[in-house]
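This is structure17.tsv. It holds TSV, C-alpha atoms.
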```
chain	number	residue	atom	x	y	z
A	27	MET	CA	18.71	-26.90	-47.82
A	28	SER	CA	16.77	-23.76	-46.85
A	29	ILE	CA	18.36	-20.43	-47.71
A	30	VAL	CA	17.10	-17.14	-46.32
A	31	ARG	CA	16.91	-14.05	-48.50
A	32	LEU	CA	18.43	-10.78	-47.48
A	33	LYS	CA	16.16	-7.86	-46.72
A	34	PRO	CA	15.79	-5.24	-49.49
A	35	LEU	CA	19.08	-3.43	-50.01
A	36	PRO	CA	18.67	-0.18	-52.00
A	37	ARG	CA	22.30	0.68	-51.29
A	38	ALA	CA	25.22	-1.70	-50.94
A	39	ARG	CA	27.65	0.15	-48.71
A	40	VAL	CA	29.75	-2.64	-47.27
A	41	ALA	CA	32.34	-3.12	-44.58
A	42	VAL	CA	34.53	-6.16	-45.15
A	43	LEU	CA	36.46	-8.05	-42.51
A	44	ALA	CA	39.41	-9.90	-44.02
A	45	SER	CA	42.28	-11.78	-42.46
A	46	GLY	CA	45.52	-10.60	-43.98
A	47	GLY	CA	47.19	-7.75	-45.85
A	48	GLY	CA	47.14	-9.35	-49.28
A	49	ASN	CA	43.55	-10.44	-48.76
A	50	SER	CA	42.52	-6.93	-47.78
A	51	VAL	CA	44.01	-5.35	-50.90
A	52	ALA	CA	42.42	-7.99	-53.13
A	53	THR	CA	39.14	-7.60	-51.25
A	54	GLY	CA	39.02	-3.87	-51.98
A	55	ASP	CA	39.79	-4.49	-55.64
A	56	VAL	CA	37.06	-7.11	-56.04
A	57	CYS	CA	34.42	-5.00	-54.30
A	58	ALA	CA	35.24	-2.01	-56.51
A	59	GLU	CA	35.29	-4.07	-59.71
A	60	GLU	CA	31.88	-5.55	-58.90
A	61	GLY	CA	30.28	-2.20	-58.07
A	62	LEU	CA	29.98	-2.28	-54.29
A	63	GLU	CA	30.62	0.85	-52.25
A	64	MET	CA	33.26	0.56	-49.52
A	65	PRO	CA	32.89	3.84	-47.63
A	66	ALA	CA	35.36	5.06	-45.05
A	67	LEU	CA	34.21	4.05	-41.60
A	68	SER	CA	32.99	6.87	-39.40
A	69	SER	CA	35.53	8.46	-37.08
A	70	GLN	CA	33.59	7.14	-34.07
A	71	THR	CA	33.77	3.60	-35.47
A	72	ARG	CA	37.53	3.86	-36.00
A	73	VAL	CA	38.05	5.20	-32.48
A	74	SER	CA	35.92	2.42	-31.01
A	75	LEU	CA	37.80	-0.27	-32.96
A	76	THR	CA	41.23	1.01	-31.94
A	77	GLU	CA	40.24	0.76	-28.27
A	78	TYR	CA	40.73	-3.01	-28.46
A	79	ILE	CA	42.25	-3.89	-31.86
A	80	SER	CA	46.02	-3.67	-32.02
A	81	LEU	CA	47.23	-1.91	-35.15
A	82	VAL	CA	50.35	-4.09	-35.25
A	83	ASN	CA	49.91	-6.08	-38.47
A	84	GLN	CA	46.24	-5.10	-38.56
A	85	GLY	CA	44.22	-2.18	-39.88
A	86	VAL	CA	40.81	-0.65	-39.29
A	87	ILE	CA	40.40	1.04	-42.65
A	88	ASN	CA	37.70	-0.49	-44.84
A	89	PRO	CA	38.31	-3.29	-45.77
A	90	LEU	CA	39.39	-4.16	-42.26
A	91	ASP	CA	42.61	-6.19	-42.06
A	92	VAL	CA	41.90	-7.97	-38.78
A	93	PRO	CA	43.21	-11.53	-38.51
A	94	GLY	CA	43.15	-11.25	-34.71
A	95	VAL	CA	39.44	-10.43	-34.74
A	96	LEU	CA	38.63	-13.33	-37.05
A	97	ALA	CA	40.48	-15.68	-34.69
A	98	SER	CA	38.46	-14.73	-31.60
A	99	VAL	CA	34.71	-15.03	-31.10
A	100	PRO	CA	34.60	-12.31	-28.38
A	101	LEU	CA	36.55	-9.87	-30.58
A	102	LEU	CA	34.45	-10.73	-33.63
A	103	ARG	CA	31.25	-10.21	-31.65
A	104	ARG	CA	32.49	-6.85	-30.38
A	105	THR	CA	33.63	-5.73	-33.83
A	106	LEU	CA	30.33	-6.64	-35.45
A	107	GLY	CA	28.57	-4.66	-32.73
A	108	VAL	CA	30.70	-1.59	-33.44
A	109	LEU	CA	30.08	-1.86	-37.20
A	110	ALA	CA	26.34	-2.22	-36.58
A	111	GLU	CA	26.33	1.30	-35.13
A	112	ASP	CA	28.09	2.89	-38.13
A	113	PRO	CA	25.59	4.87	-40.24
A	114	THR	CA	27.82	4.66	-43.34
A	115	ILE	CA	27.50	0.84	-43.53
A	116	ASP	CA	24.53	-1.19	-44.81
A	117	LEU	CA	26.02	-4.66	-44.80
A	118	VAL	CA	29.02	-6.56	-43.39
A	119	ILE	CA	30.92	-9.16	-45.41
A	120	LEU	CA	33.13	-11.65	-43.60
A	121	ARG	CA	35.80	-12.96	-45.96
A	122	LEU	CA	37.05	-16.26	-44.56
A	123	SER	CA	40.52	-17.26	-45.70
A	124	PRO	CA	42.02	-20.74	-45.65
A	125	GLU	CA	44.04	-19.62	-42.61
A	126	PHE	CA	40.84	-18.74	-40.78
A	127	LEU	CA	39.24	-22.04	-41.67
A	128	ALA	CA	42.28	-23.89	-40.31
A	129	GLY	CA	42.31	-21.77	-37.13
A	130	ALA	CA	41.11	-22.05	-33.60
A	131	ILE	CA	37.48	-20.90	-33.83
A	132	GLY	CA	35.12	-23.84	-33.77
A	133	VAL	CA	32.36	-24.06	-36.34
A	134	SER	CA	29.50	-23.92	-33.83
A	135	GLU	CA	30.95	-20.93	-31.94
A	136	PHE	CA	31.50	-19.00	-35.16
A	137	VAL	CA	28.02	-19.82	-36.49
A	138	ASP	CA	26.44	-18.79	-33.17
A	139	CYS	CA	28.34	-15.48	-33.22
A	140	VAL	CA	27.34	-14.63	-36.79
A	141	LEU	CA	23.74	-15.72	-36.29
A	142	GLY	CA	23.46	-13.75	-33.07
A	143	PHE	CA	24.67	-10.62	-34.84
A	144	ALA	CA	22.28	-11.14	-37.75
A	145	ARG	CA	19.32	-11.43	-35.38
A	146	GLU	CA	20.12	-8.94	-32.67
A	147	ASN	CA	22.11	-5.94	-33.90
A	148	ALA	CA	20.30	-2.71	-33.17
A	149	GLY	CA	21.35	-1.12	-36.47
A	150	GLY	CA	19.65	-3.83	-38.51
A	151	LYS	CA	22.86	-4.50	-40.43
A	152	GLN	CA	22.88	-7.60	-42.58
A	153	ILE	CA	25.76	-10.03	-42.85
A	154	VAL	CA	27.13	-12.16	-45.68
A	155	VAL	CA	29.95	-14.70	-45.52
A	156	ALA	CA	32.32	-15.16	-48.47
A	157	MET	CA	34.61	-18.15	-48.49
A	158	ALA	CA	37.98	-17.78	-50.19
A	159	GLU	CA	37.88	-20.02	-53.25
A	160	GLU	CA	41.18	-21.62	-52.33
A	161	GLY	CA	39.74	-22.32	-48.89
A	162	MET	CA	36.82	-24.43	-50.05
A	163	VAL	CA	38.35	-27.69	-48.97
A	164	GLY	CA	38.12	-29.86	-45.90
A	165	GLY	CA	36.22	-28.21	-43.04
A	166	ALA	CA	35.16	-25.19	-45.09
A	167	GLU	CA	32.04	-26.94	-46.32
A	168	LYS	CA	31.05	-27.56	-42.69
A	169	TYR	CA	31.17	-23.81	-42.01
A	170	ALA	CA	29.23	-23.06	-45.18
A	171	ASP	CA	26.56	-25.70	-44.54
A	172	ASP	CA	26.05	-24.75	-40.90
A	173	LEU	CA	25.80	-21.05	-41.73
A	174	ARG	CA	23.28	-21.67	-44.52
A	175	GLU	CA	21.20	-23.91	-42.27
A	176	ALA	CA	21.19	-21.09	-39.71
A	177	GLY	CA	19.89	-18.67	-42.35
A	178	ILE	CA	23.09	-16.81	-43.20
A	179	THR	CA	23.84	-16.04	-46.84
A	180	VAL	CA	27.12	-17.69	-47.88
A	181	TYR	CA	29.04	-17.53	-51.15
A	182	GLY	CA	31.87	-19.69	-52.41
A	183	SER	CA	33.96	-16.65	-53.34
A	184	LEU	CA	34.11	-12.94	-52.63
A	185	ARG	CA	33.59	-12.10	-56.29
A	186	ARG	CA	30.37	-14.12	-56.45
A	187	ALA	CA	29.17	-12.43	-53.27
A	188	CYS	CA	29.93	-8.93	-54.55
A	189	ARG	CA	28.40	-9.54	-57.96
A	190	ALA	CA	25.17	-10.93	-56.48
A	191	LEU	CA	24.91	-8.18	-53.87
A	192	ASN	CA	25.40	-5.48	-56.48
A	193	LYS	CA	22.64	-6.91	-58.67
A	194	PHE	CA	20.38	-7.33	-55.65
A	195	SER	CA	21.01	-3.73	-54.61
A	196	LEU	CA	20.41	-2.38	-58.13
A	197	TYR	CA	17.11	-4.25	-58.28
A	198	HIS	CA	15.91	-2.80	-54.98
A	199	ARG	CA	17.14	0.69	-55.90
A	200	PHE	CA	15.14	0.49	-59.14
A	201	VAL	CA	12.02	-0.63	-57.27
A	202	SER	CA	12.49	2.12	-54.68
A	203	GLU	CA	13.07	4.88	-57.24
A	204	SER	CA	10.28	3.77	-59.57
A	205	GLY	CA	7.70	4.24	-56.81
A	206	ALA	CA	5.90	1.16	-58.03
A	207	GLY	CA	6.43	-0.82	-54.85
A	208	GLU	CA	7.52	-4.41	-54.79
A	209	PRO	CA	6.37	-6.32	-57.88
A	210	SER	CA	4.50	-9.59	-57.52
A	211	ALA	CA	7.43	-11.56	-58.95
A	212	PRO	CA	10.09	-12.45	-56.37
A	213	ALA	CA	13.28	-10.42	-56.19
A	214	PRO	CA	16.50	-11.93	-57.48
A	215	ARG	CA	17.89	-14.21	-54.79
A	216	PRO	CA	21.12	-12.93	-53.30
A	217	ASP	CA	21.86	-16.28	-51.74
A	218	SER	CA	24.40	-18.68	-53.06
A	219	GLY	CA	24.10	-22.12	-54.44
A	220	PRO	CA	26.78	-24.71	-53.82
A	221	CYS	CA	30.21	-23.35	-52.99
```
Give the structure from this file in structure tokens form.
Amino acid sequence: MSIVRLKPLPRARVAVLASGGGNSVATGDVCAEEGLEMPALSSQTRVSLTEYISLVNQGVINPLDVPGVLASVPLLRRTLGVLAEDPTIDLVILRLSPEFLAGAIGVSEFVDCVLGFARENAGGKQIVVAMAEEGMVGGAEKYADDLREAGITVYGSLRRACRALNKFSLYHRFVSESGAGEPSAPAPRPDSGPC
């Protein structure tokens, strides 16, 4: 199965979309423990998000607690577009819970949405998908396989994603700060193996 590398990432300032209050708290903890920055979204980003995201049982503070967005391809597409314009964010992580994987979005529609964002966003923001470990059953492998085949980096857990992204970022920061340019040996792969 072909896996596409991420572009160099000297900083790992991430925005995370999660689908539930408990998930959002745990998401923030994992990102911090693994060394990823989760900056506050810009005020313009927050204003743009609140134009269409209800704050009833949802939140637009990073990590974003947005189950409604993760259940709707049009809302997900719009949200990714807003995040792509935020100068404080380098990368977007979608944390897919078991509830998401059992929900209404079809695999092909979700993959098309994520792939379209990865290819077309004007801000050049990268995207990574992290499956919830407890969600890696049933149809979850179909999402993971289809995303990987489309060239999206997918991890079998948020912790694995954060750990790999931090190491990847540290490597590229070292290369950038050393002034030596990219070495002839390949960079550490930020992509996942089997979920």
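Distance-wise, CA of Asp55 (chain A) and CA of Pro89 (chain A) end up 10.1 Å apart.
Each of A:Glu167, A:Glu125, A:Asp116, A:Asp138 was checked against Leu102 (chain A) using all atoms listed in the file; the smallest atom-to-atom distance is that of A:Asp138.
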Q | Shell of 9 Å around Leu141 (chain A), only C-alpha atoms, local chain residues under 5 positions omitted, as a list in words | A |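 Listed by chain and then number, they are Phe136, Glu146, Ile153, Leu173, Ala176, Gly177 and Ile178 of chain A.
Residue nearest Ala41 (chain A) within the list A:Leu62, A:Ile115, A:Val95, A:Val108: A:Ile115 [criterion: smallest interatomic distance, all atoms listed in the file].
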**Q.** Spatial sel., origin (31.0, -23.5, -33.8), limit 10 Å, all atoms listed in the file, listed as a PyMOL selection string
**A.** chain A and resi 99+131-139+168-169+172-173
Q | Distance of CA of Ala110 (chain A) from CA of Leu67 (chain A), expressed in Å to one decimal place | A |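 Calculated distance between CA of Leu67 (chain A) and CA of Ala110 (chain A) is 11.2 Å.
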Do you know which residues are at most 10 Å from Thr114 (chain A) counting all atoms listed in the file, after dropping those on the same chain fewer than 6 positions away, and could you put them as a compact mmCIF listing (two decimals) with C-alpha atoms, keeping the file's coordinate frame?
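File written: result-v8.txt
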```
# COMPACT_ATOMS: atom_id res chain seq x y z
CA ARG A 39 27.65 0.15 -48.71
CA VAL A 40 29.75 -2.64 -47.27
CA ALA A 41 32.34 -3.12 -44.58
CA MET A 64 33.26 0.56 -49.52
CA PRO A 65 32.89 3.84 -47.63
CA ALA A 66 35.36 5.06 -45.05
CA LEU A 67 34.21 4.05 -41.60
CA SER A 68 32.99 6.87 -39.40
CA THR A 71 33.77 3.60 -35.47
```
(Q) Report, in Å to a single decimal, how far apart CA of Val82 (chain A) and CA of Arg121 (chain A) are. (A) 20.1 Å
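Proximity to Val154 (chain A) was assessed for A:Ala166, A:Leu96, A:Leu75, A:Leu32 counting only C-alpha atoms; the smallest distance is recorded for A:Leu32.
Closest to Lys151 (chain A) among A:Glu63, A:Asp171, A:Glu111, A:Asp91 is A:Glu111, based on all atoms listed in the file.
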Q.
For a quick check of understanding, using all atoms listed in the file, which of A:Val56, A:Arg104, A:Ala156, A:Phe126 has the smallest distance to Glu77 (chain A)?
A. A:Arg104
Per-axis box centre and lengths in Å around region 98-107 of chain A, 5 Å margin per side, axis-aligned, as lines of an AutoDock Vina configuration file:
```
center_x = 33.5
center_y = -9.8
center_z = -31.9
size_x = 19.9
size_y = 20.4
size_z = 17.1
```
Q. Counting only C-alpha atoms, what is within 8 Å of Cys188 (chain A), bar same-chain residues fewer than 4 positions away, as a list in words?
A. Val56, Cys57, Glu60, Gly61, Leu62, Leu184 and Asn192 of chain A
Q. Taking all atoms listed in the file into account, which of A:Val140, A:Pro124, A:Arg145, A:Phe200 comes nearest Met157 (chain A)?
A.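 Of all the options, A:Pro124 lies closest to Met157 (chain A).
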Q: Determine, counting all atoms listed in the file, which protein, DNA and RNA residues have an atom within 7 Å of an atom of Ser183 (chain A); residues of the same chain fewer than 2 positions away are not included. Present the result as a list in words.
A: Ala156, Met157, Ala158, Glu159, Tyr181, Arg185, Arg186 and Ala187 of chain A
